[in-house]
Amino acid sequence: MAGLELLYSCVAGSITCPQDVVVCFVHWEIVKSGYKCLGLGDEPRSGDKKSELLPTGWNDSKELYTLRYKSNDDKSNFLVKAITVDSTLIFNLMDSATEQVSDLTMNVSDYVDADHLQTFESVFKNAEDLSQKVKSQLLPSVPAPRKEDKSSREKSNDSQPDSDPLRIPTRHPQTSRQPNWPDPMAPFAAGGADLDPFGSRGGGMIVDPLRAGYPRSGFDPSGGLPGILPPGAVPPGARFDPFGPVGRHRPGPDPDHMPPPGYDDMFM
């Protein structure tokens, strides 16, 4: 309880009742929490100045104690009133900025020895319990600034794009290896795969049935098509789209031997 003994020694000559002792203790807790006393009464006065000491005449009235406080950074002001009701002391604190009110009720005899009012070493009883009650029930709580953990920041930066519901998904699969696409800014990139006669480059707009993934066993266009193309008409490995049925003996009728039904119907 550093500082309390010095404060009590300054006001010991004016202490005449146990209520004065409790008000002195609460004042010390308020100063310790970062406030200083401005003066007496409900309204500010022209001569008010911040001080760690109790002002002159602070205990003139034993039924009602009224003190005003201001924070050390001048951002907060509050009014403290203590009302005596028989052997009970009721504290009321109101923050002038937020208009929040807190109160504390205590039995004076539980914390003050009325037979030793002038002796600091013996006047207080259960001082630790009284201090805890003042801090938890009366003094305004100041929320600690929230510190973002470094690991949580790194985790949020490394979050997957799928976690954002408003994010437009990418057109390529989420793999570590990107497709080997040509540079779109190259001057001859557009349609380059269609211009390659050997089909060595992927992509393009021309469908090559020989490279579409379907097996064509026994069919080699470079050997020619009987009755249609002579051998060598199609270079070996060239891109080739058959323009007729592959093979001599195709079962069933020729699909082109008759026109489709209704071919001459203008509304078809």
# chains A, B, ... in the order shown; residues from 1 in each chain; ligands from 1

$ residues_around --residues "Tyr35 of chain A" --least-positions-apart "4" --cutoff "8 Å" --atoms "only C-alpha atoms" --output "count of residues only"
6

$ residues_around --residues "segment 102-109 of chain A" --least-positions-apart "2" --cutoff "6 Å" --atoms "only C-alpha atoms" --output "MDAnalysis selection string"
chainID A and resid 88:93 111:112 138

$ closest_residue --among "A:Ile228, A:Val101, A:Val22, A:Asn59" --to "Gln137 of chain A" --atoms "only C-alpha atoms"
A:Val101

$ residues_around --residues "segment 32-34 of chain A" --least-positions-apart "5" --cutoff "10 Å" --atoms "only C-alpha atoms" --output "list in words"
Met1, Ala2, Gly3, Leu4, Val26, His27, Glu52, Tyr69, Lys70, Ser71, Asn72, Asp73, Lys135, Leu139 and Pro140 of chain A

$ write_last_selection --atoms "N, CA, C and O atoms" --output "tab-separated table (two decimals), in the first residue's frame"
chain	number	residue	atom	x	y	z
A	1	MET	N	0.83	-1.20	0.00
A	1	MET	CA	0.00	0.00	0.00
A	1	MET	C	0.87	1.25	0.00
A	1	MET	O	0.75	2.13	0.85
A	2	ALA	N	1.74	1.32	-1.00
A	2	ALA	CA	2.66	2.44	-1.10
A	2	ALA	C	1.89	3.73	-1.36
A	2	ALA	O	1.02	3.79	-2.22
A	3	GLY	N	2.19	4.75	-0.61
A	3	GLY	CA	1.56	6.05	-0.77
A	3	GLY	C	0.39	6.28	0.15
A	3	GLY	O	0.03	7.43	0.43
A	4	LEU	N	-0.24	5.20	0.63
A	4	LEU	CA	-1.40	5.37	1.50
A	4	LEU	C	-1.01	5.94	2.86
A	4	LEU	O	-1.71	6.80	3.41
A	26	VAL	N	-10.58	5.06	-0.35
A	26	VAL	CA	-11.11	5.04	-1.72
A	26	VAL	C	-10.43	6.12	-2.56
A	26	VAL	O	-10.13	5.90	-3.75
A	27	HIS	N	-10.20	7.28	-1.98
A	27	HIS	CA	-9.49	8.34	-2.70
A	27	HIS	C	-8.10	7.87	-3.12
A	27	HIS	O	-7.66	8.14	-4.25
A	52	GLU	N	-3.17	15.11	-5.93
A	52	GLU	CA	-3.26	13.78	-5.34
A	52	GLU	C	-3.77	13.84	-3.90
A	52	GLU	O	-4.11	12.80	-3.33
A	69	TYR	N	-13.10	14.08	-9.88
A	69	TYR	CA	-11.78	13.60	-10.31
A	69	TYR	C	-11.63	13.75	-11.82
A	69	TYR	O	-12.61	13.76	-12.58
A	70	LYS	N	-10.38	13.83	-12.23
A	70	LYS	CA	-10.04	13.93	-13.66
A	70	LYS	C	-8.82	13.06	-13.92
A	70	LYS	O	-7.88	13.02	-13.12
A	71	SER	N	-8.85	12.36	-15.06
A	71	SER	CA	-7.74	11.47	-15.39
A	71	SER	C	-6.48	12.25	-15.71
A	71	SER	O	-6.52	13.43	-16.07
A	72	ASN	N	-5.35	11.59	-15.58
A	72	ASN	CA	-4.07	12.24	-15.84
A	72	ASN	C	-3.93	12.69	-17.29
A	72	ASN	O	-3.21	13.65	-17.58
A	73	ASP	N	-4.61	12.01	-18.22
A	73	ASP	CA	-4.54	12.41	-19.63
A	73	ASP	C	-5.68	13.34	-20.03
A	73	ASP	O	-5.85	13.65	-21.22
A	135	LYS	N	-11.72	-1.75	-6.67
A	135	LYS	CA	-11.26	-1.91	-8.06
A	135	LYS	C	-12.30	-2.60	-8.93
A	135	LYS	O	-12.51	-2.22	-10.09
A	139	LEU	N	-14.50	1.44	-9.40
A	139	LEU	CA	-13.69	2.14	-10.40
A	139	LEU	C	-14.08	1.74	-11.81
A	139	LEU	O	-14.40	0.57	-12.07
A	140	PRO	N	-14.08	2.71	-12.74
A	140	PRO	CA	-14.41	2.37	-14.13
A	140	PRO	C	-13.36	1.46	-14.73
A	140	PRO	O	-12.16	1.65	-14.52

$ closest_residue --among "A:Val23, A:Ala114, A:Pro55, A:Leu166" --to "Val134 of chain A" --atoms "only C-alpha atoms"
A:Val23

$ select_by_dssp --residues "segment 43-134 of chain A" --states "strand (DSSP E or B)" --output "ChimeraX atom specification"
/A:51,64-71,77-85,88-95,101-107,112,124

$ write_last_selection --atoms "N, CA, C and O atoms" --output "tab-separated table (two decimals), in the first residue's frame"
chain	number	residue	atom	x	y	z
A	51	SER	N	-4.92	17.40	-8.06
A	51	SER	CA	-4.03	17.13	-6.94
A	51	SER	C	-4.23	15.71	-6.45
A	51	SER	O	-5.33	15.16	-6.54
A	64	LEU	N	-22.65	13.17	3.72
A	64	LEU	CA	-22.48	13.15	2.27
A	64	LEU	C	-21.09	13.70	1.91
A	64	LEU	O	-20.77	14.85	2.20
A	65	TYR	N	-20.30	12.85	1.25
A	65	TYR	CA	-18.99	13.26	0.73
A	65	TYR	C	-19.11	13.38	-0.79
A	65	TYR	O	-19.61	12.46	-1.46
A	66	THR	N	-18.64	14.50	-1.35
A	66	THR	CA	-18.74	14.73	-2.80
A	66	THR	C	-17.38	15.19	-3.31
A	66	THR	O	-16.88	16.25	-2.91
A	67	LEU	N	-16.79	14.40	-4.22
A	67	LEU	CA	-15.46	14.71	-4.77
A	67	LEU	C	-15.49	14.52	-6.28
A	67	LEU	O	-16.16	13.61	-6.80
A	68	ARG	N	-14.77	15.38	-6.98
A	68	ARG	CA	-14.65	15.30	-8.45
A	68	ARG	C	-13.22	14.93	-8.82
A	68	ARG	O	-12.26	15.43	-8.23
A	69	TYR	N	-13.10	14.08	-9.88
A	69	TYR	CA	-11.78	13.60	-10.31
A	69	TYR	C	-11.63	13.75	-11.82
A	69	TYR	O	-12.61	13.76	-12.58
A	70	LYS	N	-10.38	13.83	-12.23
A	70	LYS	CA	-10.04	13.93	-13.66
A	70	LYS	C	-8.82	13.06	-13.92
A	70	LYS	O	-7.88	13.02	-13.12
A	71	SER	N	-8.85	12.36	-15.06
A	71	SER	CA	-7.74	11.47	-15.39
A	71	SER	C	-6.48	12.25	-15.71
A	71	SER	O	-6.52	13.43	-16.07
A	77	ASN	N	-13.59	12.36	-16.78
A	77	ASN	CA	-13.98	13.02	-15.53
A	77	ASN	C	-15.08	12.22	-14.88
A	77	ASN	O	-15.97	11.70	-15.57
A	78	PHE	N	-15.03	12.11	-13.57
A	78	PHE	CA	-16.16	11.48	-12.89
A	78	PHE	C	-16.37	12.09	-11.52
A	78	PHE	O	-15.49	12.74	-10.95
A	79	LEU	N	-17.58	11.88	-11.04
A	79	LEU	CA	-18.03	12.42	-9.76
A	79	LEU	C	-18.25	11.27	-8.79
A	79	LEU	O	-18.89	10.27	-9.13
A	80	VAL	N	-17.71	11.40	-7.58
A	80	VAL	CA	-17.84	10.37	-6.55
A	80	VAL	C	-18.61	10.95	-5.37
A	80	VAL	O	-18.26	12.03	-4.86
A	81	LYS	N	-19.64	10.20	-4.97
A	81	LYS	CA	-20.40	10.59	-3.77
A	81	LYS	C	-20.44	9.40	-2.82
A	81	LYS	O	-20.59	8.26	-3.25
A	82	ALA	N	-20.30	9.71	-1.52
A	82	ALA	CA	-20.38	8.70	-0.47
A	82	ALA	C	-21.44	9.13	0.53
A	82	ALA	O	-21.38	10.22	1.08
A	83	ILE	N	-22.44	8.25	0.73
A	83	ILE	CA	-23.57	8.56	1.60
A	83	ILE	C	-23.54	7.64	2.81
A	83	ILE	O	-23.40	6.41	2.67
A	84	THR	N	-23.65	8.21	3.97
A	84	THR	CA	-23.64	7.44	5.21
A	84	THR	C	-25.06	7.05	5.60
A	84	THR	O	-25.94	7.92	5.72
A	85	VAL	N	-25.28	5.76	5.77
A	85	VAL	CA	-26.59	5.25	6.21
A	85	VAL	C	-26.32	4.31	7.38
A	85	VAL	O	-25.88	3.18	7.20
A	88	THR	N	-23.37	1.91	7.48
A	88	THR	CA	-23.04	1.55	6.10
A	88	THR	C	-22.66	2.79	5.31
A	88	THR	O	-23.24	3.87	5.50
A	89	LEU	N	-21.70	2.62	4.41
A	89	LEU	CA	-21.27	3.71	3.53
A	89	LEU	C	-21.52	3.28	2.09
A	89	LEU	O	-21.04	2.22	1.65
A	90	ILE	N	-22.30	4.09	1.37
A	90	ILE	CA	-22.66	3.79	-0.02
A	90	ILE	C	-21.91	4.74	-0.94
A	90	ILE	O	-22.10	5.97	-0.86
A	91	PHE	N	-21.09	4.19	-1.81
A	91	PHE	CA	-20.35	4.99	-2.79
A	91	PHE	C	-21.07	4.92	-4.14
A	91	PHE	O	-21.56	3.87	-4.56
A	92	ASN	N	-21.09	6.06	-4.81
A	92	ASN	CA	-21.68	6.16	-6.14
A	92	ASN	C	-20.72	6.93	-7.03
A	92	ASN	O	-20.30	8.03	-6.71
A	93	LEU	N	-20.37	6.34	-8.20
A	93	LEU	CA	-19.44	6.97	-9.15
A	93	LEU	C	-20.13	7.11	-10.49
A	93	LEU	O	-20.70	6.15	-11.00
A	94	MET	N	-20.08	8.34	-11.07
A	94	MET	CA	-20.67	8.58	-12.39
A	94	MET	C	-19.64	9.21	-13.31
A	94	MET	O	-19.03	10.23	-12.98
A	95	ASP	N	-19.44	8.57	-14.47
A	95	ASP	CA	-18.55	9.11	-15.49
A	95	ASP	C	-19.31	10.17	-16.28
A	95	ASP	O	-20.35	9.88	-16.88
A	101	VAL	N	-22.67	4.58	-14.48
A	101	VAL	CA	-22.72	4.69	-13.02
A	101	VAL	C	-22.32	3.36	-12.40
A	101	VAL	O	-22.73	2.29	-12.88
A	102	SER	N	-21.51	3.42	-11.36
A	102	SER	CA	-21.16	2.24	-10.57
A	102	SER	C	-21.32	2.58	-9.10
A	102	SER	O	-21.27	3.74	-8.71
A	103	ASP	N	-21.52	1.56	-8.31
A	103	ASP	CA	-21.74	1.81	-6.88
A	103	ASP	C	-21.10	0.70	-6.05
A	103	ASP	O	-20.84	-0.39	-6.55
A	104	LEU	N	-20.88	1.01	-4.80
A	104	LEU	CA	-20.27	0.08	-3.85
A	104	LEU	C	-20.84	0.35	-2.47
A	104	LEU	O	-20.85	1.49	-2.00
A	105	THR	N	-21.33	-0.70	-1.81
A	105	THR	CA	-21.89	-0.59	-0.47
A	105	THR	C	-21.06	-1.46	0.47
A	105	THR	O	-20.78	-2.62	0.15
A	106	MET	N	-20.69	-0.89	1.61
A	106	MET	CA	-19.86	-1.63	2.55
A	106	MET	C	-20.25	-1.30	3.99
A	106	MET	O	-20.77	-0.21	4.29
A	107	ASN	N	-19.97	-2.25	4.85
A	107	ASN	CA	-20.13	-2.05	6.29
A	107	ASN	C	-18.83	-1.50	6.83
A	107	ASN	O	-17.79	-2.16	6.77
A	112	VAL	N	-12.61	-0.85	9.24
A	112	VAL	CA	-12.00	0.21	10.03
A	112	VAL	C	-12.12	-0.12	11.52
A	112	VAL	O	-13.21	-0.52	11.99
A	124	PHE	N	-6.77	0.14	9.72
A	124	PHE	CA	-7.39	-0.63	8.64
A	124	PHE	C	-7.51	-2.12	9.00
A	124	PHE	O	-6.60	-2.70	9.58

$ select_by_dssp --residues "segment 4-114 of chain A" --states "helix (DSSP H, G or I)" --output "number ranges by chain"
A: 4-14, 18-32, 108-110, 114

$ atom_distance --atom1 "atom CA of Trp28 of chain A" --atom2 "atom CA of Leu53 of chain A"
8.7 Å

$ closest_residue --among "A:Gly47, A:Pro18, A:Gly232, A:Gly57" --to "Val123 of chain A" --atoms "only C-alpha atoms"
A:Pro18
